[in-house]
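Q: Quick one: this structure, given as structure tokens, is what I'll be asking you about.
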Amino acid sequence: MSTVFNFTFVPWFRSVAPYIHKFRHQTFVVGITGEAIAAGKLQGIVQDLALIQAMGVKIVLVHGFRPQVNEQLRLKGQEPAYYNGVRITDSVALDCAQEAAGQLRYEIEAAFSQGLPNTPMAGARVRVMSGNFLTARPVGIVNGVDFMHSGLVRKVDGEGIQRALNSEAMVLLSPFGFSPTGEAFNLSMEEVATRVASELKADKLLFLTEVPGVRTRPQEPESEDNPIDTELPLAQARKLLAQLPPPQLPTDTGFYLQHCVRACEHGVERSHILPFAVDGALLLEIYVHDGIGTMVIDEKLEELREATIDDVGGIIQLIEPFENDGTLVKRDRTEIESDIASYTVIEHDGVIFGCAALHPYPEAKTGEMAAVTVSPKAQGTGDGEKLLKRIEQRAREQGLESLFVLTTRTMHWFIKRGFQPVSPDWLPEARKSKYNWSRKSQVLVKHL
């Protein structure tokens, strides 16, 4: 048993190391729903956050309290009231929100203070700091509906939060804000987390939610053929939001997605939707290559895009050295021109630094990822992974179920990213007839 543990633990821990180095000194804003706390997930989440902070990440934690406020209302004989998904906060609801916020803040601070021996919190010293970092304004009257004590974030004291983070404290925020006259307003956790992440230009915004993420076909039911889309470029996320009905409930596809999009539009590099039902969801999303939820990433359109006929010269210049040393099969200009719609390129300041092509074989529900190239000047920066993700996305959009590559020198790079070696006999008949047996290329397949 010990040998098996050692055999799996050592390579796993080594694989995590690059992410530990990458995220050290970065700032993450984490929003946890009140439903996660009501479901008894607080202890595990706190332990994971303490571990993430111990690895050098600066954390702002924003908690929600939707179910807790609703429970307090029902105990007082009141029913929760919403309009377009926003709570209508009368004086009774405001009292309930203040009671719930106080109780949850107490529970969260107590959880971070635990340090029993032989527990994940042993030896952890997590200082939690909270304060009046938010200034609010009333929602007001919308379409004839008076939202009373419901508010919106007017201003975030980013400088104060940053000072607290620099002192190695974790900042805890409740969804409450105060006007300059001292009036309290009930805010939404999602808006607070988004505004704070935007103000701080946080590296990540992570929502721990009731939903597992956004599916590859969001308007179809959950199934094995409709998995979670682990990466959504910002442009695609915007397009999806425009197609969806306005979200009313937290379980609606657009509910958290709209906040992820807004954060990315305001300087947050990556925003995530994660399921709190999965133990260790934060660790799996942050320190495992593919993660488990949906990540909205701010990819500038001029950097990662589909190729045009004007890119042919740049692609030839990029791949020519790799063709000359035998890494890539030679392609003439006419072939690239005729297939240019199949190519995805990465462009920096008008120069093509990476490319890859997708050649589909619809009859076999598979596609070939070909001409995968990253300039030596950009290798090690993640451009290869960006190309792979975009080709996978294009393959899914075409209804393909797998992706294959033929390679002689980069087999390990693909295996590390989920490809498996197969016999050349696996290839679709149309591709098998063109297989160069003398080249002895390895065939690797990844199921999407």
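Every chain in the structure tokens takes a letter, A first, then B, and so on in the order presented; its residues are numbered from 1, and the ligands are numbered from 1 following the presented order.
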Could you give me, as a Markdown table, every region 223-257 of chain A residue with an atom at most 12 Å from region 25-34 of chain A, plus its closest atom pair and distance in Å to one decimal, counting only C-alpha atoms, rows ordered by chain then number?

A:
| residue | atom | partner | partner_atom | distance |
| --- | --- | --- | --- | --- |
| A:Pro250 | CA | A:Thr33 | CA | 9.7 |
| A:Thr251 | CA | A:Thr33 | CA | 11.9 |
| A:Tyr256 | CA | A:Gly31 | CA | 10.6 |

Q: Write a file of the selected residues as a PDB file, in the first residue's frame, keeping all heavy atoms.

A:
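Final output, saved to part-v9.pdb:
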ATOM      1  N   PRO A 250     -30.349  30.930  -9.633  1.00  0.00           N
ATOM      2  CA  PRO A 250     -28.926  30.564  -9.639  1.00  0.00           C
ATOM      3  C   PRO A 250     -28.619  29.330 -10.480  1.00  0.00           C
ATOM      4  O   PRO A 250     -27.476  29.147 -10.904  1.00  0.00           O
ATOM      5  CB  PRO A 250     -28.631  30.307  -8.152  1.00  0.00           C
ATOM      6  CG  PRO A 250     -29.649  31.115  -7.418  1.00  0.00           C
ATOM      7  CD  PRO A 250     -30.890  31.058  -8.265  1.00  0.00           C
ATOM      8  N   THR A 251     -29.608  28.487 -10.707  1.00  0.00           N
ATOM      9  CA  THR A 251     -29.380  27.290 -11.519  1.00  0.00           C
ATOM     10  C   THR A 251     -29.488  27.568 -13.018  1.00  0.00           C
ATOM     11  O   THR A 251     -29.205  26.681 -13.828  1.00  0.00           O
ATOM     12  CB  THR A 251     -30.391  26.190 -11.127  1.00  0.00           C
ATOM     13  OG1 THR A 251     -31.709  26.756 -11.120  1.00  0.00           O
ATOM     14  CG2 THR A 251     -30.079  25.641  -9.739  1.00  0.00           C
ATOM     15  N   TYR A 256     -24.408  32.755 -13.228  1.00  0.00           N
ATOM     16  CA  TYR A 256     -23.015  33.038 -12.848  1.00  0.00           C
ATOM     17  C   TYR A 256     -22.185  33.440 -14.055  1.00  0.00           C
ATOM     18  O   TYR A 256     -21.232  34.212 -13.928  1.00  0.00           O
ATOM     19  CB  TYR A 256     -22.403  31.819 -12.147  1.00  0.00           C
ATOM     20  CG  TYR A 256     -23.076  31.496 -10.838  1.00  0.00           C
ATOM     21  CD1 TYR A 256     -23.963  30.424 -10.731  1.00  0.00           C
ATOM     22  CD2 TYR A 256     -22.853  32.279  -9.709  1.00  0.00           C
ATOM     23  CE1 TYR A 256     -24.611  30.146  -9.541  1.00  0.00           C
ATOM     24  CE2 TYR A 256     -23.488  32.010  -8.511  1.00  0.00           C
ATOM     25  CZ  TYR A 256     -24.367  30.931  -8.426  1.00  0.00           C
ATOM     26  OH  TYR A 256     -25.009  30.667  -7.249  1.00  0.00           O
TER      27      TYR A 256
END

Q: Please report, as a PyMOL selection string, each residue of region 216-345 of chain A to which DSSP assigns strand (DSSP E or B) when run on this structure's backbone.

A: chain A and resi 223+226+228+231-233+270-275+294-297+304-306+343-345

Q: Keeping only N, CA, C and O atoms, take the residues you just selected and write them out as a PDB file, in the first residue's frame.

A:
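After the write, result-v2.pdb holds the following:
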ATOM      1  N   SER A 223     -25.819  14.984 -19.905  1.00  0.00           N
ATOM      2  CA  SER A 223     -25.599  13.619 -20.385  1.00  0.00           C
ATOM      3  C   SER A 223     -24.111  13.399 -20.557  1.00  0.00           C
ATOM      4  O   SER A 223     -23.312  14.337 -20.513  1.00  0.00           O
ATOM      5  N   ASN A 226     -22.752  15.377 -23.259  1.00  0.00           N
ATOM      6  CA  ASN A 226     -22.847  16.828 -23.095  1.00  0.00           C
ATOM      7  C   ASN A 226     -22.091  17.236 -21.828  1.00  0.00           C
ATOM      8  O   ASN A 226     -22.684  17.665 -20.837  1.00  0.00           O
ATOM      9  N   ILE A 228     -19.178  19.133 -19.233  1.00  0.00           N
ATOM     10  CA  ILE A 228     -18.868  20.514 -18.866  1.00  0.00           C
ATOM     11  C   ILE A 228     -17.796  21.052 -19.807  1.00  0.00           C
ATOM     12  O   ILE A 228     -16.785  20.391 -20.058  1.00  0.00           O
ATOM     13  N   GLU A 231     -13.362  25.310 -20.769  1.00  0.00           N
ATOM     14  CA  GLU A 231     -12.783  26.612 -21.113  1.00  0.00           C
ATOM     15  C   GLU A 231     -13.637  27.319 -22.157  1.00  0.00           C
ATOM     16  O   GLU A 231     -13.892  26.787 -23.240  1.00  0.00           O
ATOM     17  N   LEU A 232     -14.097  28.511 -21.815  1.00  0.00           N
ATOM     18  CA  LEU A 232     -14.901  29.332 -22.713  1.00  0.00           C
ATOM     19  C   LEU A 232     -14.152  30.629 -23.004  1.00  0.00           C
ATOM     20  O   LEU A 232     -13.939  31.438 -22.101  1.00  0.00           O
ATOM     21  N   PRO A 233     -13.734  30.863 -24.237  1.00  0.00           N
ATOM     22  CA  PRO A 233     -13.175  32.184 -24.566  1.00  0.00           C
ATOM     23  C   PRO A 233     -14.230  33.263 -24.339  1.00  0.00           C
ATOM     24  O   PRO A 233     -15.436  33.008 -24.496  1.00  0.00           O
ATOM     25  N   ARG A 270      -9.127  35.443 -15.652  1.00  0.00           N
ATOM     26  CA  ARG A 270      -9.863  34.183 -15.730  1.00  0.00           C
ATOM     27  C   ARG A 270     -10.940  34.140 -14.641  1.00  0.00           C
ATOM     28  O   ARG A 270     -10.674  34.482 -13.495  1.00  0.00           O
ATOM     29  N   SER A 271     -12.128  33.697 -15.033  1.00  0.00           N
ATOM     30  CA  SER A 271     -13.241  33.557 -14.092  1.00  0.00           C
ATOM     31  C   SER A 271     -13.774  32.130 -14.179  1.00  0.00           C
ATOM     32  O   SER A 271     -13.861  31.562 -15.277  1.00  0.00           O
ATOM     33  N   HIS A 272     -14.163  31.569 -13.025  1.00  0.00           N
ATOM     34  CA  HIS A 272     -14.497  30.141 -12.960  1.00  0.00           C
ATOM     35  C   HIS A 272     -15.855  29.916 -12.303  1.00  0.00           C
ATOM     36  O   HIS A 272     -16.230  30.634 -11.372  1.00  0.00           O
ATOM     37  N   ILE A 273     -16.549  28.880 -12.779  1.00  0.00           N
ATOM     38  CA  ILE A 273     -17.788  28.397 -12.151  1.00  0.00           C
ATOM     39  C   ILE A 273     -17.534  26.958 -11.730  1.00  0.00           C
ATOM     40  O   ILE A 273     -17.275  26.089 -12.573  1.00  0.00           O
ATOM     41  N   LEU A 274     -17.597  26.691 -10.411  1.00  0.00           N
ATOM     42  CA  LEU A 274     -17.242  25.378  -9.870  1.00  0.00           C
ATOM     43  C   LEU A 274     -18.380  24.813  -9.036  1.00  0.00           C
ATOM     44  O   LEU A 274     -19.118  25.562  -8.393  1.00  0.00           O
ATOM     45  N   PRO A 275     -18.503  23.486  -8.977  1.00  0.00           N
ATOM     46  CA  PRO A 275     -19.537  22.874  -8.140  1.00  0.00           C
ATOM     47  C   PRO A 275     -19.047  22.660  -6.705  1.00  0.00           C
ATOM     48  O   PRO A 275     -18.038  21.981  -6.481  1.00  0.00           O
ATOM     49  N   THR A 294     -16.111  25.317 -15.326  1.00  0.00           N
ATOM     50  CA  THR A 294     -15.989  26.129 -16.542  1.00  0.00           C
ATOM     51  C   THR A 294     -15.153  27.363 -16.252  1.00  0.00           C
ATOM     52  O   THR A 294     -15.417  28.075 -15.284  1.00  0.00           O
ATOM     53  N   MET A 295     -14.171  27.603 -17.091  1.00  0.00           N
ATOM     54  CA  MET A 295     -13.330  28.795 -16.963  1.00  0.00           C
ATOM     55  C   MET A 295     -13.596  29.714 -18.156  1.00  0.00           C
ATOM     56  O   MET A 295     -13.482  29.292 -19.308  1.00  0.00           O
ATOM     57  N   VAL A 296     -13.958  30.953 -17.870  1.00  0.00           N
ATOM     58  CA  VAL A 296     -14.075  31.978 -18.906  1.00  0.00           C
ATOM     59  C   VAL A 296     -12.749  32.720 -18.944  1.00  0.00           C
ATOM     60  O   VAL A 296     -12.281  33.221 -17.926  1.00  0.00           O
ATOM     61  N   ILE A 297     -12.138  32.749 -20.117  1.00  0.00           N
ATOM     62  CA  ILE A 297     -10.790  33.310 -20.222  1.00  0.00           C
ATOM     63  C   ILE A 297     -10.790  34.478 -21.186  1.00  0.00           C
ATOM     64  O   ILE A 297     -11.404  34.434 -22.257  1.00  0.00           O
ATOM     65  N   LEU A 304      -5.624  34.946 -30.428  1.00  0.00           N
ATOM     66  CA  LEU A 304      -5.996  33.567 -30.755  1.00  0.00           C
ATOM     67  C   LEU A 304      -7.230  33.627 -31.645  1.00  0.00           C
ATOM     68  O   LEU A 304      -8.297  34.048 -31.209  1.00  0.00           O
ATOM     69  N   ARG A 305      -7.095  33.225 -32.902  1.00  0.00           N
ATOM     70  CA  ARG A 305      -8.200  33.396 -33.842  1.00  0.00           C
ATOM     71  C   ARG A 305      -8.089  32.405 -34.980  1.00  0.00           C
ATOM     72  O   ARG A 305      -7.058  31.728 -35.142  1.00  0.00           O
ATOM     73  N   GLU A 306      -9.142  32.319 -35.779  1.00  0.00           N
ATOM     74  CA  GLU A 306      -9.103  31.482 -36.970  1.00  0.00           C
ATOM     75  C   GLU A 306      -8.301  32.204 -38.044  1.00  0.00           C
ATOM     76  O   GLU A 306      -8.331  33.439 -38.153  1.00  0.00           O
ATOM     77  N   TYR A 343      -7.219  26.288 -40.185  1.00  0.00           N
ATOM     78  CA  TYR A 343      -6.128  26.687 -39.295  1.00  0.00           C
ATOM     79  C   TYR A 343      -6.610  27.662 -38.212  1.00  0.00           C
ATOM     80  O   TYR A 343      -7.468  28.511 -38.441  1.00  0.00           O
ATOM     81  N   THR A 344      -5.999  27.516 -37.035  1.00  0.00           N
ATOM     82  CA  THR A 344      -6.104  28.484 -35.945  1.00  0.00           C
ATOM     83  C   THR A 344      -4.706  29.044 -35.718  1.00  0.00           C
ATOM     84  O   THR A 344      -3.720  28.287 -35.773  1.00  0.00           O
ATOM     85  N   VAL A 345      -4.605  30.339 -35.493  1.00  0.00           N
ATOM     86  CA  VAL A 345      -3.284  30.940 -35.296  1.00  0.00           C
ATOM     87  C   VAL A 345      -3.258  31.751 -34.009  1.00  0.00           C
ATOM     88  O   VAL A 345      -4.290  32.207 -33.518  1.00  0.00           O
TER      89      VAL A 345
END

Q: Here is a test: counting only C-alpha atoms, which residue of A:Asn186, A:Thr327, A:Thr216, A:Asn166 is nearest to Ala101 (chain A)?

A: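 For Ala101 (chain A), the nearest of the candidates is A:Asn186.
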
Q: Env of Leu234 (chain A): 9 Å cut, atoms = only C-alpha atoms, seq-sep filter 3 positions within chain, self excluded. Answer as an NGL selection string.

A: :A and (237-239 or 260-261 or 264-265 or 296-300)

Q: Restricting it to C-alpha atoms, dump the selection as an mmCIF file, in the first residue's frame.

A:
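Just written: result_11.cif:
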data_model
loop_
_atom_site.group_PDB
_atom_site.id
_atom_site.type_symbol
_atom_site.label_atom_id
_atom_site.label_comp_id
_atom_site.auth_asym_id
_atom_site.auth_seq_id
_atom_site.Cartn_x
_atom_site.Cartn_y
_atom_site.Cartn_z
ATOM 1 C CA ALA A 237 -19.238 33.364 -23.562
ATOM 2 C CA ARG A 238 -20.674 36.731 -24.684
ATOM 3 C CA LYS A 239 -22.311 35.068 -27.680
ATOM 4 C CA CYS A 260 -17.736 35.857 -15.178
ATOM 5 C CA VAL A 261 -18.069 37.732 -18.466
ATOM 6 C CA CYS A 264 -13.178 39.392 -17.709
ATOM 7 C CA GLU A 265 -14.344 42.550 -19.483
ATOM 8 C CA VAL A 296 -14.075 31.978 -18.906
ATOM 9 C CA ILE A 297 -10.790 33.310 -20.222
ATOM 10 C CA ASP A 298 -10.056 36.744 -21.597
ATOM 11 C CA GLU A 299 -8.427 35.773 -24.878
ATOM 12 C CA LYS A 300 -7.978 38.849 -27.016
#

Q: Just want the 9 Å neighbourhood of Gln393 (chain A), counted on only C-alpha atoms, with same-chain residues fewer than 2 positions away dropped. Output as an MDAnalysis selection string.

A: chainID A and resid 216 229 231:232 388:391 395:398

Q: Can you tell me which residues surround Trp437 (chain A) at a distance of at most 12 Å, considering only C-alpha atoms, apart from same-chain residues fewer than 5 positions away, and format the answer as a ChimeraX atom specification?

A: /A:406,408,423-425,432,442-443

Q: Write to file, as an mmCIF file, in the first residue's frame, the residues of the selection just made, with N, CA, C and O atoms.

A:
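Final file, again.cif:
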data_model
loop_
_atom_site.group_PDB
_atom_site.id
_atom_site.type_symbol
_atom_site.label_atom_id
_atom_site.label_comp_id
_atom_site.auth_asym_id
_atom_site.auth_seq_id
_atom_site.Cartn_x
_atom_site.Cartn_y
_atom_site.Cartn_z
ATOM 1 N N LEU A 406 -0.671 12.798 -35.478
ATOM 2 C CA LEU A 406 0.440 11.953 -35.900
ATOM 3 C C LEU A 406 1.712 12.706 -35.594
ATOM 4 O O LEU A 406 1.879 13.863 -36.012
ATOM 5 N N THR A 408 6.180 12.378 -34.537
ATOM 6 C CA THR A 408 7.402 11.584 -34.401
ATOM 7 C C THR A 408 8.251 12.039 -33.221
ATOM 8 O O THR A 408 9.091 11.292 -32.745
ATOM 9 N N SER A 423 -2.792 2.060 -32.516
ATOM 10 C CA SER A 423 -2.195 1.545 -33.743
ATOM 11 C C SER A 423 -2.634 2.394 -34.928
ATOM 12 O O SER A 423 -3.747 2.931 -34.946
ATOM 13 N N PRO A 424 -1.794 2.521 -35.960
ATOM 14 C CA PRO A 424 -2.224 3.242 -37.169
ATOM 15 C C PRO A 424 -3.489 2.655 -37.791
ATOM 16 O O PRO A 424 -4.200 3.350 -38.525
ATOM 17 N N ASP A 425 -3.778 1.385 -37.486
ATOM 18 C CA ASP A 425 -5.007 0.776 -38.011
ATOM 19 C C ASP A 425 -6.260 1.454 -37.464
ATOM 20 O O ASP A 425 -7.349 1.279 -38.011
ATOM 21 N N LYS A 432 -6.021 6.662 -43.341
ATOM 22 C CA LYS A 432 -5.112 5.517 -43.338
ATOM 23 C C LYS A 432 -4.467 5.332 -44.711
ATOM 24 O O LYS A 432 -3.294 4.957 -44.826
ATOM 25 N N GLN A 442 3.825 8.191 -34.718
ATOM 26 C CA GLN A 442 2.963 7.672 -33.656
ATOM 27 C C GLN A 442 1.580 8.252 -33.824
ATOM 28 O O GLN A 442 1.425 9.461 -34.108
ATOM 29 N N VAL A 443 0.561 7.445 -33.643
ATOM 30 C CA VAL A 443 -0.829 7.915 -33.696
ATOM 31 C C VAL A 443 -1.337 8.030 -32.262
ATOM 32 O O VAL A 443 -1.284 7.043 -31.500
#

Q: When you count only C-alpha atoms, which of these residues is closest to Met121 (chain A): A:Ile286, A:Val46, A:Val196, A:Ile336?

A: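 Of the candidates, the smallest distance to Met121 (chain A) is held by A:Val46.
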
Q: Using only C-alpha atoms, which protein or nucleic acid residues come within 12 Å of region 122-127 of chain A? Drop anything in the same chain fewer than 4 positions from it, and give the result as an NGL selection string.

A: :A and (46-55 or 58-60 or 108-118 or 164-172)

Q: Residues near Trp413 (chain A), anyone? I mean within 12 Å using only C-alpha atoms, not counting same-chain ones fewer than 3 positions away, as a list of chain:residue names.

A: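 Skipping anything fewer than 3 positions along the chain leaves A:Val372, A:Gly380, A:Gly382, A:Gly384, A:Glu385, A:Leu388, A:Val405, A:Thr407, A:Thr408, A:Arg409, A:Thr410, A:Lys416, A:Arg417, A:Gly418, A:Phe419, A:Gln420, A:Leu444.
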
Q: Take the residues just selected and output them with N, CA, C and O atoms as a PDB file, in the first residue's frame.

A:
ATOM      1  N   VAL A 372       0.807  21.372 -35.866  1.00  0.00           N
ATOM      2  CA  VAL A 372       0.867  22.040 -34.560  1.00  0.00           C
ATOM      3  C   VAL A 372       2.268  22.626 -34.373  1.00  0.00           C
ATOM      4  O   VAL A 372       3.250  21.883 -34.289  1.00  0.00           O
ATOM      5  N   GLY A 380       6.901  27.375 -24.031  1.00  0.00           N
ATOM      6  CA  GLY A 380       6.907  27.453 -22.575  1.00  0.00           C
ATOM      7  C   GLY A 380       5.981  28.505 -22.016  1.00  0.00           C
ATOM      8  O   GLY A 380       5.884  28.662 -20.793  1.00  0.00           O
ATOM      9  N   GLY A 382       2.631  28.599 -22.803  1.00  0.00           N
ATOM     10  CA  GLY A 382       1.255  28.100 -22.802  1.00  0.00           C
ATOM     11  C   GLY A 382       0.537  28.248 -24.126  1.00  0.00           C
ATOM     12  O   GLY A 382      -0.649  27.904 -24.228  1.00  0.00           O
ATOM     13  N   GLY A 384       0.915  26.527 -26.859  1.00  0.00           N
ATOM     14  CA  GLY A 384       0.530  25.213 -27.372  1.00  0.00           C
ATOM     15  C   GLY A 384      -0.769  24.731 -26.767  1.00  0.00           C
ATOM     16  O   GLY A 384      -1.633  24.167 -27.462  1.00  0.00           O
ATOM     17  N   GLU A 385      -0.936  24.960 -25.468  1.00  0.00           N
ATOM     18  CA  GLU A 385      -2.169  24.551 -24.801  1.00  0.00           C
ATOM     19  C   GLU A 385      -3.355  25.369 -25.286  1.00  0.00           C
ATOM     20  O   GLU A 385      -4.471  24.857 -25.428  1.00  0.00           O
ATOM     21  N   LEU A 388      -4.387  23.874 -28.554  1.00  0.00           N
ATOM     22  CA  LEU A 388      -5.068  22.598 -28.348  1.00  0.00           C
ATOM     23  C   LEU A 388      -6.498  22.815 -27.878  1.00  0.00           C
ATOM     24  O   LEU A 388      -7.443  22.185 -28.380  1.00  0.00           O
ATOM     25  N   VAL A 405      -3.648  12.891 -33.507  1.00  0.00           N
ATOM     26  CA  VAL A 405      -2.463  13.533 -34.060  1.00  0.00           C
ATOM     27  C   VAL A 405      -1.494  12.464 -34.520  1.00  0.00           C
ATOM     28  O   VAL A 405      -1.502  11.330 -34.004  1.00  0.00           O
ATOM     29  N   THR A 407       2.617  12.100 -34.847  1.00  0.00           N
ATOM     30  CA  THR A 407       3.820  12.804 -34.415  1.00  0.00           C
ATOM     31  C   THR A 407       4.998  11.842 -34.332  1.00  0.00           C
ATOM     32  O   THR A 407       4.831  10.635 -34.082  1.00  0.00           O
ATOM     33  N   THR A 408       6.180  12.378 -34.537  1.00  0.00           N
ATOM     34  CA  THR A 408       7.402  11.584 -34.401  1.00  0.00           C
ATOM     35  C   THR A 408       8.251  12.039 -33.221  1.00  0.00           C
ATOM     36  O   THR A 408       9.091  11.292 -32.745  1.00  0.00           O
ATOM     37  N   ARG A 409       8.043  13.273 -32.739  1.00  0.00           N
ATOM     38  CA  ARG A 409       8.950  13.804 -31.718  1.00  0.00           C
ATOM     39  C   ARG A 409       8.257  14.412 -30.503  1.00  0.00           C
ATOM     40  O   ARG A 409       8.933  14.707 -29.514  1.00  0.00           O
ATOM     41  N   THR A 410       6.969  14.666 -30.584  1.00  0.00           N
ATOM     42  CA  THR A 410       6.307  15.381 -29.479  1.00  0.00           C
ATOM     43  C   THR A 410       5.252  14.524 -28.787  1.00  0.00           C
ATOM     44  O   THR A 410       4.294  15.027 -28.241  1.00  0.00           O
ATOM     45  N   LYS A 416       0.722  13.889 -22.103  1.00  0.00           N
ATOM     46  CA  LYS A 416       0.523  14.650 -20.864  1.00  0.00           C
ATOM     47  C   LYS A 416      -0.804  15.398 -20.880  1.00  0.00           C
ATOM     48  O   LYS A 416      -1.352  15.739 -19.829  1.00  0.00           O
ATOM     49  N   ARG A 417      -1.342  15.648 -22.064  1.00  0.00           N
ATOM     50  CA  ARG A 417      -2.589  16.412 -22.199  1.00  0.00           C
ATOM     51  C   ARG A 417      -3.770  15.540 -22.599  1.00  0.00           C
ATOM     52  O   ARG A 417      -4.735  16.015 -23.197  1.00  0.00           O
ATOM     53  N   GLY A 418      -3.679  14.250 -22.265  1.00  0.00           N
ATOM     54  CA  GLY A 418      -4.850  13.371 -22.379  1.00  0.00           C
ATOM     55  C   GLY A 418      -4.925  12.494 -23.607  1.00  0.00           C
ATOM     56  O   GLY A 418      -5.892  11.746 -23.773  1.00  0.00           O
ATOM     57  N   PHE A 419      -3.919  12.543 -24.491  1.00  0.00           N
ATOM     58  CA  PHE A 419      -3.911  11.669 -25.668  1.00  0.00           C
ATOM     59  C   PHE A 419      -3.364  10.289 -25.299  1.00  0.00           C
ATOM     60  O   PHE A 419      -2.529  10.168 -24.396  1.00  0.00           O
ATOM     61  N   GLN A 420      -3.831   9.268 -26.014  1.00  0.00           N
ATOM     62  CA  GLN A 420      -3.384   7.900 -25.786  1.00  0.00           C
ATOM     63  C   GLN A 420      -2.872   7.309 -27.100  1.00  0.00           C
ATOM     64  O   GLN A 420      -3.480   7.510 -28.156  1.00  0.00           O
ATOM     65  N   LEU A 444      -1.811   9.212 -31.895  1.00  0.00           N
ATOM     66  CA  LEU A 444      -2.312   9.457 -30.544  1.00  0.00           C
ATOM     67  C   LEU A 444      -3.752   9.983 -30.650  1.00  0.00           C
ATOM     68  O   LEU A 444      -4.054  10.802 -31.514  1.00  0.00           O
TER      69      LEU A 444
END

Q: Based on the backbone DSSP call, show me all residues of region 304-371 of chain A assigned helix (DSSP H, G or I), as a list in words.

A: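 Residues of region 304-371 of chain A classed as helix (DSSP H, G or I): Ile309, Asp310, Asp311, Val312, Gly313, Gly314, Ile315, Ile316, Gln317, Leu318, Ile319, Glu320, Pro321, Phe322, Glu323, Asn324, Arg333, Thr334, Glu335, Ile336, Glu337, Ser338, Ile340, Ala341, Ser342, Pro362, Glu363 and Ala364 of chain A.
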
Q: Which one of A:Val288, A:Val312, A:Gln258, A:Val92 sits closest to Phe13 (chain A) if you count only C-alpha atoms?

A: A:Val288

Q: From the list A:Leu400, A:Leu208, A:Ala277, A:Leu318, which residue is nearest Glu363 (chain A) when using only C-alpha atoms?

A: A:Leu400

Q: Choose the residue, out of A:Gly314, A:Ala430, A:Asp95, A:Ser338, that has the smallest atom-to-atom separation from Thr366 (chain A); count only C-alpha atoms.

A: A:Ala430

Q: When you count only C-alpha atoms, which of these residues is closest to Pro245 (chain A): A:Val211, A:Ala357, A:Leu282, A:Pro218?

A: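 Of A:Val211, A:Ala357, A:Leu282, A:Pro218, the one nearest Pro245 (chain A), counting only C-alpha atoms, is A:Pro218.
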
Q: Work out how far apart CA of Phe322 (chain A) and CA of Thr334 (chain A) are and give it in Å to one decimal.

A: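 Between these atoms lies a distance of 18.3 Å.
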